[in-house]
>>> print(open('query-v2.cif').read())   # mmCIF, C-alpha atoms
data_query
loop_
_atom_site.label_atom_id
_atom_site.label_comp_id
_atom_site.auth_asym_id
_atom_site.auth_seq_id
_atom_site.Cartn_x
_atom_site.Cartn_y
_atom_site.Cartn_z
CA MET A 153 7.57 -4.29 14.11
CA LEU A 154 5.10 -2.04 12.43
CA ILE A 155 7.59 -0.46 10.03
CA ASN A 156 8.84 -3.79 8.80
CA ARG A 157 5.27 -4.88 8.28
CA LEU A 158 4.61 -1.75 6.28
CA LYS A 159 7.70 -2.30 4.19
CA THR A 160 6.50 -5.80 3.43
CA ILE A 161 3.10 -4.47 2.46
CA PHE A 162 4.77 -1.93 0.18
CA LEU A 163 6.90 -4.58 -1.49
CA ALA A 164 3.94 -6.94 -1.81
CA PHE A 165 1.87 -4.20 -3.38
CA ALA A 166 4.57 -3.33 -5.88
CA THR A 167 5.06 -6.99 -6.76
CA LEU A 168 1.32 -7.42 -7.19
CA VAL A 169 1.10 -4.48 -9.55
CA LEU A 170 4.02 -5.79 -11.61
CA THR A 171 2.71 -9.36 -11.79
CA THR A 172 -0.69 -8.17 -12.93
CA GLN A 173 1.13 -6.49 -15.74
CA VAL A 174 2.56 -9.84 -16.77
CA PHE A 175 -0.91 -11.34 -16.68
CA ALA A 176 -2.26 -8.38 -18.63
CA ILE A 177 0.26 -8.98 -21.38
CA VAL A 178 -0.51 -12.69 -21.49
CA GLU A 179 -4.25 -12.11 -21.46
CA ASN A 180 -3.90 -9.52 -24.17
CA GLN A 181 -1.98 -11.89 -26.43
CA ALA A 182 -4.69 -14.51 -26.04
CA GLN A 183 -7.39 -11.99 -26.76
CA THR A 184 -5.84 -10.38 -29.78
CA GLN A 185 -6.91 -13.41 -31.77
CA GLY A 186 -10.61 -13.21 -31.04
CA HIS A 187 -10.53 -9.53 -30.31
CA GLY A 188 -13.59 -7.75 -28.93
CA GLN A 189 -16.16 -7.63 -31.65
CA GLN A 190 -17.72 -4.60 -33.17
CA GLU A 191 -21.31 -3.85 -32.58
CA VAL A 192 -22.74 -0.72 -34.01
CA GLY A 193 -25.88 0.68 -32.45
CA SER A 194 -28.29 1.79 -35.07
CA HIS A 195 -25.93 3.74 -37.27
CA GLN A 196 -23.30 2.60 -39.68
CA GLU A 197 -19.85 3.90 -38.90
CA GLU A 198 -17.78 5.15 -41.77
CA GLY A 199 -14.35 3.68 -42.24
CA ASN A 200 -12.87 0.94 -40.18
CA HIS A 201 -11.57 2.57 -37.06
CA HIS A 202 -11.20 -0.25 -34.58
CA GLY A 203 -10.41 -2.91 -37.10
CA THR A 204 -9.52 -6.44 -36.23
CA SER A 205 -6.07 -7.24 -35.00
CA GLY A 206 -3.15 -7.43 -37.36
CA HIS A 207 -4.06 -4.14 -39.01
CA HIS A 208 -1.93 -1.13 -38.41
CA GLU A 209 -4.30 1.74 -39.00
CA ASP A 210 -3.60 5.37 -38.73
CA HIS A 211 -5.61 6.43 -35.71
CA GLU A 212 -6.50 10.10 -35.74
CA PHE A 213 -4.45 11.54 -32.94
CA ASN A 214 -6.87 13.54 -30.88
CA VAL A 215 -4.84 15.81 -28.63
CA THR A 216 -7.62 16.84 -26.26
CA GLU A 217 -8.73 13.29 -25.79
CA THR A 218 -5.22 12.01 -25.08
CA ILE A 219 -4.43 14.76 -22.63
CA MET A 220 -7.76 14.39 -20.85
CA SER A 221 -7.36 10.64 -20.57
CA HIS A 222 -4.04 11.14 -18.81
CA ILE A 223 -5.33 13.81 -16.48
CA THR A 224 -8.56 12.21 -15.38
CA ASP A 225 -9.03 9.11 -13.32
CA ALA A 226 -9.22 5.75 -15.09
CA HIS A 227 -9.70 2.09 -14.29
CA GLU A 228 -6.50 1.00 -15.98
CA TYR A 229 -2.89 2.02 -16.34
CA HIS A 230 -2.44 2.22 -20.08
CA LEU A 231 1.33 1.78 -20.28
CA TRP A 232 2.11 1.60 -23.96
CA GLY A 233 0.86 0.06 -27.16
CA SER A 234 -1.77 1.05 -29.64
CA HIS A 235 -5.51 0.84 -29.23
CA ASP A 236 -5.63 -2.67 -30.56
CA ALA A 237 -2.77 -4.21 -28.67
CA PRO A 238 -2.33 -2.27 -25.49
CA VAL A 239 -0.06 -3.14 -22.64
CA ALA A 240 -1.95 -2.09 -19.58
CA ILE A 241 -2.49 -2.85 -15.95
CA TYR A 242 -6.17 -3.44 -15.35
CA LEU A 243 -7.49 -2.40 -11.99
CA PRO A 244 -10.37 -4.12 -10.22
CA ILE A 245 -13.86 -2.72 -10.29
CA ILE A 246 -15.83 -3.03 -7.08
CA LEU A 247 -19.53 -2.33 -7.24
CA MET A 248 -22.23 -2.44 -4.60
CA ASP A 249 -25.38 -3.41 -6.42
CA GLN A 250 -27.49 -5.71 -4.23
CA GLY A 251 -24.34 -7.29 -2.93
CA MET A 252 -20.73 -6.71 -3.73
CA LYS A 253 -19.41 -7.44 -7.21
CA VAL A 254 -15.71 -7.48 -7.89
CA PHE A 255 -14.18 -8.03 -11.30
CA SER A 256 -11.25 -6.84 -13.32
CA SER A 257 -11.75 -3.96 -15.67
CA THR A 258 -10.51 -6.12 -18.55
CA HIS A 259 -14.11 -7.15 -18.93
CA PHE A 260 -14.87 -3.59 -19.94
CA TYR A 261 -11.78 -2.70 -21.88
CA HIS A 262 -11.96 -5.91 -23.88
CA GLY A 263 -15.70 -5.87 -24.09
CA THR A 264 -17.95 -4.64 -26.83
CA VAL A 265 -17.70 -1.12 -28.16
CA LYS A 266 -21.00 0.53 -28.86
CA TYR A 267 -21.75 3.84 -30.42
CA ALA A 268 -24.64 6.08 -29.70
CA ASN A 269 -25.95 9.34 -30.97
CA VAL A 270 -25.66 11.81 -28.19
CA ASP A 271 -27.49 14.84 -29.45
CA THR A 272 -29.20 16.23 -32.49
CA THR A 273 -25.96 17.31 -34.15
CA GLY A 274 -25.22 13.71 -34.93
CA LYS A 275 -22.21 13.60 -32.67
CA GLN A 276 -21.37 10.05 -31.73
CA VAL A 277 -19.77 8.80 -28.58
CA SER A 278 -18.62 5.33 -27.82
CA TYR A 279 -19.00 3.35 -24.68
CA LEU A 280 -17.83 -0.07 -23.60
CA VAL A 281 -20.32 -2.72 -22.65
CA GLY A 282 -19.01 -5.26 -20.21
CA SER A 283 -18.77 -8.93 -21.02
CA ASP A 284 -18.79 -12.03 -18.78
CA ALA A 285 -18.51 -10.92 -15.19
CA ALA A 286 -19.30 -7.35 -16.13
CA SER A 287 -22.51 -8.03 -18.03
CA GLY A 288 -25.28 -5.66 -17.21
CA TYR A 289 -22.87 -2.75 -16.91
CA ALA A 290 -21.29 -0.34 -19.32
CA LEU A 291 -18.36 2.05 -19.02
CA PHE A 292 -18.84 5.55 -20.37
CA GLN A 293 -16.04 8.06 -19.84
CA GLU A 294 -14.63 5.86 -17.10
CA GLU A 295 -17.87 5.70 -15.12
CA VAL A 296 -19.91 2.57 -14.62
CA TYR A 297 -23.60 2.53 -15.50
CA LYS A 298 -26.22 -0.19 -15.52
CA THR A 299 -27.35 -1.12 -18.98
CA VAL A 300 -30.93 -1.52 -20.08
CA ASN A 301 -31.24 -4.19 -22.78
CA GLY A 302 -27.48 -4.01 -23.17
CA GLU A 303 -27.51 -0.31 -24.05
CA LEU A 304 -27.14 3.07 -22.48
CA GLN A 305 -29.72 5.75 -23.07
CA PHE A 306 -28.43 9.23 -23.54
CA GLU A 307 -30.04 12.55 -22.86
CA ASN A 308 -28.33 15.89 -23.37
CA GLY A 309 -24.99 14.24 -23.83
CA ALA A 310 -24.99 12.14 -20.70
CA PRO A 311 -26.40 8.72 -19.93
CA ILE A 312 -29.54 8.57 -17.84
CA ASN A 313 -29.03 4.99 -16.77
CA ALA A 314 -28.73 4.18 -13.10
CA LYS A 315 -25.31 3.95 -11.60
CA PRO A 316 -24.37 1.33 -9.04
CA MET A 317 -22.34 2.42 -6.00
CA ASP A 318 -18.82 2.42 -7.27
CA PHE A 319 -16.00 1.61 -4.89
CA SER A 320 -13.51 0.62 -7.58
CA ILE A 321 -9.81 0.85 -7.14
CA THR A 322 -9.00 3.41 -9.78
CA ARG A 323 -5.68 5.04 -10.57
CA ASN A 324 -6.25 7.80 -8.06
CA VAL A 325 -7.06 5.31 -5.32
CA VAL A 326 -3.83 3.44 -6.01
CA ALA A 327 -1.92 6.73 -5.89
CA LEU A 328 -3.63 7.57 -2.60
CA PHE A 329 -2.61 4.26 -1.06
CA MET A 330 0.95 4.67 -2.31
CA SER A 331 1.17 8.19 -0.85
CA VAL A 332 -0.14 7.05 2.48
CA LEU A 333 2.17 4.04 2.62
CA LEU A 334 5.17 6.15 1.70
CA ILE A 335 4.43 8.75 4.35
CA LEU A 336 3.76 6.10 6.98
CA ILE A 337 7.03 4.35 6.24
CA LEU A 338 8.94 7.64 6.32
CA MET A 339 7.42 8.89 9.54
CA LEU A 340 7.35 5.63 11.44
CA SER A 341 11.00 4.96 10.63
CA THR A 342 11.86 8.40 11.94
CA ALA A 343 9.81 7.87 15.08
CA LYS A 344 11.40 4.49 15.70
CA TYR A 345 14.84 6.02 15.36
CA TYR A 346 14.12 8.56 18.05
CA LYS A 347 12.49 6.00 20.28
CA THR A 348 15.52 3.77 20.25
CA ASN A 349 18.16 6.48 20.28
CA GLY A 350 16.66 9.31 22.25
CA ALA A 351 17.02 12.99 21.41
CA VAL A 352 20.29 12.87 19.50
CA ALA A 353 21.43 14.12 16.14
CA PRO A 354 19.91 11.57 13.79
CA LYS A 355 21.43 9.35 11.17
CA GLY A 356 19.69 7.57 8.37
CA ILE A 357 16.22 8.45 7.25
CA ALA A 358 15.58 10.61 10.28
CA LYS A 359 18.43 12.82 9.11
CA PHE A 360 16.46 13.55 5.97
CA VAL A 361 13.07 14.01 7.56
CA GLU A 362 13.97 16.03 10.64
CA PRO A 363 14.94 19.32 8.93
CA ILE A 364 11.72 19.28 6.95
CA ILE A 365 9.62 18.68 10.04
CA LEU A 366 11.46 21.43 11.90
CA PHE A 367 10.95 23.74 8.96
CA VAL A 368 7.20 23.17 9.04
CA ARG A 369 7.10 23.51 12.80
CA ASP A 370 9.11 26.70 13.03
CA ASP A 371 8.61 28.64 9.84
CA VAL A 372 5.07 27.61 9.08
CA ALA A 373 3.38 26.81 12.36
CA LYS A 374 5.18 28.89 14.97
CA ALA A 375 5.52 31.92 12.73
CA ASN A 376 1.84 32.07 11.82
CA ILE A 377 0.03 30.67 14.83
CA GLY A 378 2.15 32.13 17.59
CA GLU A 379 4.39 30.78 20.32
CA HIS A 380 1.72 29.63 22.75
CA LYS A 381 -0.76 27.76 20.63
CA TYR A 382 1.10 26.25 17.72
CA LYS A 383 1.76 22.85 19.21
CA LYS A 384 -1.77 21.55 18.79
CA TYR A 385 -1.81 22.23 15.09
CA VAL A 386 1.60 20.98 14.02
CA PRO A 387 0.47 17.39 13.31
CA PHE A 388 -2.32 18.65 11.06
CA LEU A 389 0.00 20.97 9.16
CA LEU A 390 2.66 18.29 8.82
CA THR A 391 0.11 15.84 7.42
CA ILE A 392 -1.19 18.34 4.89
CA PHE A 393 2.31 19.34 3.86
CA PHE A 394 3.69 15.86 3.37
CA PHE A 395 0.56 14.46 1.79
CA ILE A 396 0.40 17.19 -0.83
CA TRP A 397 4.13 17.07 -1.51
CA VAL A 398 4.32 13.30 -1.86
CA SER A 399 1.16 13.12 -3.96
CA ASN A 400 2.42 15.86 -6.26
CA LEU A 401 5.71 14.07 -6.71
CA LEU A 402 4.09 10.69 -7.33
CA GLY A 403 1.97 12.29 -10.05
CA LEU A 404 5.11 13.15 -11.98
CA ILE A 405 6.27 9.54 -12.42
CA PRO A 406 5.96 8.79 -16.16
CA LEU A 407 3.95 5.63 -16.68
CA LEU A 408 2.56 4.84 -13.30
CA GLY A 409 1.94 8.37 -12.07
CA SER A 410 -1.58 9.46 -11.47
CA ASN A 411 -2.89 12.94 -11.01
CA LEU A 412 -4.18 12.66 -7.45
CA THR A 413 -3.86 16.26 -6.25
CA GLY A 414 -5.10 17.40 -9.62
CA ASN A 415 -8.45 15.88 -8.81
CA ILE A 416 -10.71 18.59 -7.50
CA THR A 417 -12.52 16.28 -5.10
CA VAL A 418 -9.24 15.49 -3.34
CA THR A 419 -8.30 19.13 -3.00
CA LEU A 420 -11.85 19.88 -1.92
CA PHE A 421 -11.45 17.44 0.93
CA LEU A 422 -8.15 19.00 1.99
CA ALA A 423 -9.69 22.46 1.91
CA VAL A 424 -12.67 21.23 3.94
CA CYS A 425 -10.24 19.86 6.54
CA THR A 426 -8.63 23.28 6.83
CA LEU A 427 -12.04 24.91 7.04
CA LEU A 428 -13.15 22.59 9.84
CA VAL A 429 -9.95 23.10 11.81
CA THR A 430 -10.25 26.87 11.44
CA VAL A 431 -13.91 27.03 12.39
CA PHE A 432 -13.67 24.69 15.35
CA SER A 433 -10.65 26.41 16.81
CA GLY A 434 -12.04 29.89 16.46
CA ASN A 435 -12.07 31.67 19.77
CA LYS A 436 -14.32 34.46 20.95
CA ASN A 437 -12.07 37.10 19.45
CA TYR A 438 -12.32 35.50 16.03
CA TRP A 439 -16.08 35.35 15.98
CA HIS A 440 -16.20 38.84 17.41
CA HIS A 441 -14.18 40.03 14.44
CA ILE A 442 -16.58 38.41 12.05
CA PHE A 443 -19.88 39.42 13.53
CA ALA A 444 -18.98 42.74 15.09
CA THR A 445 -15.79 43.99 13.52
CA PRO A 446 -14.49 46.57 15.94
CA GLY A 447 -14.48 50.14 14.77
CA VAL A 448 -17.20 49.66 12.17
CA PRO A 449 -20.40 51.71 12.44
CA VAL A 450 -23.61 49.70 12.76
CA PRO A 451 -25.17 50.44 9.33
CA LEU A 452 -22.04 49.18 7.64
CA LEU A 453 -22.07 46.08 9.81
CA ILE A 454 -25.19 44.83 8.05
CA ILE A 455 -23.19 44.60 4.86
CA MET A 456 -20.02 43.43 6.56
CA ILE A 457 -21.45 40.37 8.27
CA PRO A 458 -22.46 38.49 5.08
CA ILE A 459 -19.16 39.47 3.49
CA GLU A 460 -17.22 38.10 6.45
CA LEU A 461 -19.26 34.92 6.46
CA VAL A 462 -18.64 34.36 2.78
CA GLY A 463 -15.01 35.18 3.48
CA ILE A 464 -14.77 32.17 5.78
CA LEU A 465 -15.74 29.98 2.87
CA THR A 466 -13.83 31.60 0.05
CA LYS A 467 -10.42 31.23 1.66
CA PRO A 468 -10.40 27.40 1.68
CA PHE A 469 -12.11 27.52 -1.73
CA ALA A 470 -9.15 29.48 -3.08
CA LEU A 471 -6.79 26.91 -1.52
CA MET A 472 -8.65 24.14 -3.27
CA VAL A 473 -8.66 25.75 -6.70
CA ARG A 474 -5.08 26.91 -6.42
CA LEU A 475 -3.70 23.44 -5.76
CA PHE A 476 -5.93 21.75 -8.32
CA ALA A 477 -5.20 24.26 -11.07
CA ASN A 478 -1.45 24.40 -10.48
CA ILE A 479 -0.95 20.66 -10.60
CA THR A 480 -3.37 20.02 -13.46
CA ALA A 481 -1.97 22.86 -15.53
CA GLY A 482 1.54 21.52 -15.07
CA HIS A 483 0.51 18.07 -16.23
CA ILE A 484 -1.34 19.47 -19.21
CA ILE A 485 1.70 21.46 -20.30
CA ILE A 486 3.97 18.44 -20.14
CA LEU A 487 1.47 16.29 -22.03
CA ALA A 488 0.88 18.98 -24.64
CA LEU A 489 4.60 19.37 -25.28
CA VAL A 490 5.01 15.64 -25.76
CA SER A 491 1.93 15.58 -27.99
CA ILE A 492 3.72 17.91 -30.40
CA ILE A 493 5.66 14.87 -31.55
CA PHE A 494 2.49 12.94 -32.21
CA ILE A 495 0.62 15.70 -33.94
CA ASN A 496 3.38 16.14 -36.45
CA LYS A 497 3.96 12.40 -36.68
CA ASN A 498 7.65 13.00 -36.94
CA ALA A 499 10.10 11.88 -34.31
CA ALA A 500 12.45 14.71 -35.23
CA TRP A 501 10.14 17.13 -33.42
CA GLY A 502 11.37 15.36 -30.32
CA ALA A 503 14.50 17.46 -30.50
CA LEU A 504 12.36 20.49 -29.70
CA SER A 505 9.71 19.14 -27.43
CA VAL A 506 11.67 16.76 -25.21
CA PRO A 507 14.04 19.41 -23.80
CA MET A 508 11.09 21.72 -23.20
CA ALA A 509 9.14 18.96 -21.54
CA LEU A 510 12.19 18.17 -19.44
CA PHE A 511 12.45 21.79 -18.34
CA ILE A 512 8.79 21.91 -17.43
CA SER A 513 9.13 18.64 -15.53
CA VAL A 514 11.94 20.07 -13.44
CA LEU A 515 9.79 23.14 -12.82
CA GLU A 516 7.03 20.83 -11.73
CA LEU A 517 9.32 19.38 -9.09
CA LEU A 518 9.67 22.87 -7.66
CA VAL A 519 5.94 23.47 -7.98
CA ALA A 520 5.24 20.24 -6.10
CA PHE A 521 7.12 21.52 -3.08
CA LEU A 522 5.91 25.07 -3.44
CA GLN A 523 2.24 24.20 -3.57
CA ALA A 524 2.58 21.97 -0.54
CA TYR A 525 4.36 24.74 1.36
CA LEU A 526 1.82 27.31 0.26
CA PHE A 527 -1.19 25.24 1.21
CA SER A 528 0.18 24.53 4.66
CA MET A 529 1.33 28.11 5.15
CA LEU A 530 -2.03 29.56 4.26
CA SER A 531 -3.76 27.00 6.45
CA ALA A 532 -1.46 28.03 9.29
CA LEU A 533 -2.29 31.66 8.58
CA PHE A 534 -6.03 31.00 8.77
CA ILE A 535 -5.62 28.98 11.97
CA GLY A 536 -3.46 31.74 13.39
CA ALA A 537 -6.16 34.27 12.62
CA ALA A 538 -8.70 32.04 14.32
CA VAL A 539 -6.82 31.62 17.58
CA GLU A 540 -5.42 35.11 17.77
CA GLU A 541 -5.95 36.96 21.01
CA ALA A 542 -7.21 40.51 20.99
CA HIS A 543 -4.45 43.08 20.77
CA HIS A 544 -5.99 45.63 23.01
CA MET B 491 -0.94 38.45 -18.91
CA GLY B 492 -2.04 40.12 -15.71
CA ALA B 493 -0.29 37.43 -13.72
CA GLY B 494 2.89 37.95 -15.71
CA LEU B 495 2.80 41.69 -15.11
CA GLY B 496 2.00 41.28 -11.44
CA ILE B 497 4.67 38.73 -10.70
CA GLY B 498 7.14 40.77 -12.72
CA ARG B 499 6.46 43.80 -10.54
CA ILE B 500 6.82 41.78 -7.37
CA GLY B 501 10.09 40.30 -8.57
CA GLY B 502 11.31 43.78 -9.42
CA SER B 503 10.45 45.25 -6.02
CA ALA B 504 12.00 42.23 -4.34
CA MET B 505 15.23 42.82 -6.24
CA ASP B 506 15.23 46.48 -5.21
CA ALA B 507 14.61 45.59 -1.59
CA ILE B 508 17.38 43.00 -1.53
CA ALA B 509 19.74 45.50 -3.13
CA ARG B 510 19.01 47.96 -0.35
CA GLN B 511 19.36 45.50 2.49
CA PRO B 512 21.16 42.29 1.61
CA GLU B 513 20.74 40.84 5.10
CA ALA B 514 16.99 40.66 4.76
CA SER B 515 17.19 38.74 1.49
CA GLY B 516 15.93 35.51 3.09
CA LYS B 517 12.71 37.09 4.36
CA ILE B 518 12.19 39.03 1.18
CA GLN B 519 12.60 35.88 -0.85
CA THR B 520 9.99 34.09 1.23
CA ALA B 521 7.53 36.93 0.88
CA MET B 522 8.17 37.13 -2.84
CA ILE B 523 7.50 33.44 -3.37
CA ILE B 524 4.29 33.59 -1.39
CA ALA B 525 2.99 36.59 -3.30
CA ALA B 526 3.96 35.02 -6.61
CA ALA B 527 2.11 31.83 -5.78
CA LEU B 528 -1.00 33.76 -4.76
CA ILE B 529 -1.05 35.71 -8.00
CA GLU B 530 -0.45 32.47 -9.91
CA GLY B 531 -3.52 31.15 -8.12
CA VAL B 532 -5.65 33.96 -9.50
CA ALA B 533 -4.37 33.37 -13.01
CA LEU B 534 -5.08 29.68 -12.74
CA PHE B 535 -8.62 30.43 -11.56
CA GLY B 536 -9.03 31.83 -15.05
CA VAL B 537 -7.51 28.73 -16.61
CA VAL B 538 -9.93 26.52 -14.68
CA VAL B 539 -12.91 28.56 -15.79
CA GLY B 540 -11.69 28.30 -19.36
CA LEU B 541 -11.28 24.54 -19.10
CA LEU B 542 -14.73 24.09 -17.58
CA GLY B 543 -16.36 26.24 -20.25
CA GLY B 544 -14.55 24.40 -23.03
CA ASN B 545 -15.40 20.96 -21.70
CA ALA B 546 -19.04 21.61 -21.03
CA ALA B 547 -19.63 23.21 -24.41
#
>>> encode(input="query-v2.cif", output="structure tokens")
Amino acid sequence: MLINRLKTIFLAFATLVLTTQVFAIVENQAQTQGHGQQEVGSHQEEGNHHGTSGHHEDHEFNVTETIMSHITDAHEYHLWGSHDAPVAIYLPIILMDQGMKVFSSTHFYHGTVKYANVDTTGKQVSYLVGSDAASGYALFQEEVYKTVNGELQFENGAPINAKPMDFSITRNVVALFMSVLLILILMLSTAKYYKTNGAVAPKGIAKFVEPIILFVRDDVAKANIGEHKYKKYVPFLLTIFFFIWVSNLLGLIPLLGSNLTGNITVTLFLAVCTLLVTVFSGNKNYWHHIFATPGVPVPLLIIMIPIELVGILTKPFALMVRLFANITAGHIIILALVSIIFINKNAAWGALSVPMALFISVLELLVAFLQAYLFSMLSALFIGAAVEEAHH
Amino acid sequence: MGAGLGIGRIGGSAMDAIARQPEASGKIQTAMIIAAALIEGVALFGVVVGLLGGNAA
């Protein structure tokens, strides 16, 4: 049946991810010998930062960089290990550049490191030029560009090289698939239970899911949209609620978690969905309120109409920023607390920072649920306002 | 700071209201959480602007 197939897919996916890790370790061992060479652009670099293997240098611990690399999307799961001998899961890169090119991101992460002067202050940035299958491309801040003569040209701090169409499986995409799979398994199991057993008090996974669904249906949908019209919108609200909740929770998993709902494009899409549902279900009363708010004299209306129109857009915008900021801020706090240990290079600081990080993590569990509830409740509120009938 | 003050006031009024009418504590709690999350949203708007300004600079 479909659920069993999904469970098999889930297990296969998990096994795949874990086996690639084994291959990553093996590949890394082989590569540490002839490690990716150094190639400096036109400037000499001082010191020996990315020295050859076997050295145990003292890398400057850059807090901002570490935190940002955990928050933003990436083409690998960097599990543990130093810069020179990392243990990581490398995700595939899929490009559409006159045909489809698929290769593992190892070709970037174990490729050549190049430095370039970005602006007149002499600030240098590094980028990774791909080797073997990835030749002709370079990775700068986790984005793929086409190289010209094996180099990227910078202007005002950003490369001006062309970018191929990038359909890579990055960390966020993996998190998206995992969220979707998890929700599908949960919901389809529940549905199957009811199909085989009828409308009885459930056991098993349906026992866990049913109260939540009823909560969304009654307290979120019925309360805000009204008795007569809520049924049409319950599936949408349930999807939003569970997707945000599950994605928030998955982002909290230590090594393999990825900040999906903390990506503003994802939240933008969710907010756009709410906007579309609100606008397309607006009835005459709703539009009447916007274009000819009752009880407002005509001269004032000229100011009111643009305000109301902007108001339609700002409400989903606020939803988007609220979710993004809450989740990202939570992750940053946790990462910053753990970074205290690394800044002071003394494990004893762990006695202070680990309990605090633990407390914040537990708070994040609450925030995960709360933000999901809030997003769906506000969406229900906007939909309710759109389908409301006139009072008089 | 504004968010802290605002949420503090809401929490305070919620406590007063629950003290007056313990039966309505469920509804008051719900309203309090919603208002707190909305104010948090405003505060985090500020955080986002700060992050964007810091990154771009």
>>> atom_distance(input="query-v2.cif", atom1="CA of Thr419 in chain A", atom2="CA of Leu475 in chain A")
6.9 Å
>>> interface_residues(input="query-v2.cif", of="chain B", to="chain A", cutoff="8 Å", atoms="all atoms listed in the file", output="compact mmCIF listing (two decimals) with C-alpha atoms, in the coordinates of the input")
# COMPACT_ATOMS: atom_id res chain seq x y z
CA ILE B 524 4.29 33.59 -1.39
CA ALA B 527 2.11 31.83 -5.78
CA GLY B 531 -3.52 31.15 -8.12
CA VAL B 532 -5.65 33.96 -9.50
CA LEU B 534 -5.08 29.68 -12.74
CA PHE B 535 -8.62 30.43 -11.56
CA VAL B 537 -7.51 28.73 -16.61
CA VAL B 538 -9.93 26.52 -14.68
>>> atom_distance(input="query-v2.cif", atom1="CA of Tyr267 in chain A", atom2="CA of Tyr279 in chain A")
6.4 Å
>>> residues_around(input="query-v2.cif", residues="Gly501 in chain B", least_positions_apart="2", cutoff="10 Å", atoms="only C-alpha atoms", output="PyMOL selection string")
chain B and resi 495-499+503-507+519+522-523+525-526
>>> resolve_selection(input="query-v2.cif", expression="the PyMOL selection byres ((chain A and resi 500-512) around 9)", output="ChimeraX atom specification")
/A:482,485-494,496-499,513-517
>>> residues_around(input="query-v2.cif", residues="Ser531 in chain A", least_positions_apart="3", cutoff="10 Å", atoms="only C-alpha atoms", output="PyMOL selection string")
chain A and resi 372-373+376-377+388-389+392+423+425-427+429-430+467-468+471+525-528+534-537
>>> atom_distance(input="query-v2.cif", atom1="CA of Pro406 in chain A", atom2="CA of His222 in chain A")
10.6 Å
>>> residues_near_point(input="query-v2.cif", point="(-8.5, 11.3, -9.5)", cutoff="9 Å", atoms="only C-alpha atoms", output="ChimeraX atom specification")
/A:223-226,322-325,327,410-418
>>> resolve_selection(input="query-v2.cif", expression="the PyMOL selection byres ((chain A and resi 256) around 12)", output="VMD selection string")
chain A and resid 172 175 to 176 179 227 to 228 241 to 247 253 to 255 257 to 263 282 to 286 320 to 322
>>> residues_near_point(input="query-v2.cif", point="(3.2, 18.7, 6.7)", cutoff="8 Å", atoms="only C-alpha atoms", output="list in words")
Ile365, Val368, Val386, Pro387, Phe388, Leu389, Leu390, Thr391, Ile392, Phe393, Phe394, Phe395, Ala524 and Ser528 of chain A
>>> resolve_selection(input="query-v2.cif", expression="the PyMOL selection byres ((chain A and resi 539) around 12)", output="ChimeraX atom specification")
/A:376-382,384-385,429-441,532-538,540-542
>>> write_last_selection(input="query-v2.cif", atoms="C-alpha atoms", output="short mmCIF file (atom, residue, chain, number, x, y, z; two decimals), in the coordinates of the input")
data_model
loop_
_atom_site.label_atom_id
_atom_site.label_comp_id
_atom_site.auth_asym_id
_atom_site.auth_seq_id
_atom_site.Cartn_x
_atom_site.Cartn_y
_atom_site.Cartn_z
CA ASN A 376 1.84 32.07 11.82
CA ILE A 377 0.03 30.67 14.83
CA GLY A 378 2.15 32.13 17.59
CA GLU A 379 4.39 30.78 20.32
CA HIS A 380 1.72 29.63 22.75
CA LYS A 381 -0.76 27.76 20.63
CA TYR A 382 1.10 26.25 17.72
CA LYS A 384 -1.77 21.55 18.79
CA TYR A 385 -1.81 22.23 15.09
CA VAL A 429 -9.95 23.10 11.81
CA THR A 430 -10.25 26.87 11.44
CA VAL A 431 -13.91 27.03 12.39
CA PHE A 432 -13.67 24.69 15.35
CA SER A 433 -10.65 26.41 16.81
CA GLY A 434 -12.04 29.89 16.46
CA ASN A 435 -12.07 31.67 19.77
CA LYS A 436 -14.32 34.46 20.95
CA ASN A 437 -12.07 37.10 19.45
CA TYR A 438 -12.32 35.50 16.03
CA TRP A 439 -16.08 35.35 15.98
CA HIS A 440 -16.20 38.84 17.41
CA HIS A 441 -14.18 40.03 14.44
CA ALA A 532 -1.46 28.03 9.29
CA LEU A 533 -2.29 31.66 8.58
CA PHE A 534 -6.03 31.00 8.77
CA ILE A 535 -5.62 28.98 11.97
CA GLY A 536 -3.46 31.74 13.39
CA ALA A 537 -6.16 34.27 12.62
CA ALA A 538 -8.70 32.04 14.32
CA GLU A 540 -5.42 35.11 17.77
CA GLU A 541 -5.95 36.96 21.01
CA ALA A 542 -7.21 40.51 20.99
#
>>> axis_aligned_box(input="query-v2.cif", around="range 211-230 of chain A", padding_each_side="4 Å", output="JSON")
{"center_x": -6.1, "center_y": 8.9, "center_z": -24.5, "size_x": 15.3, "size_y": 23.8, "size_z": 30.4}
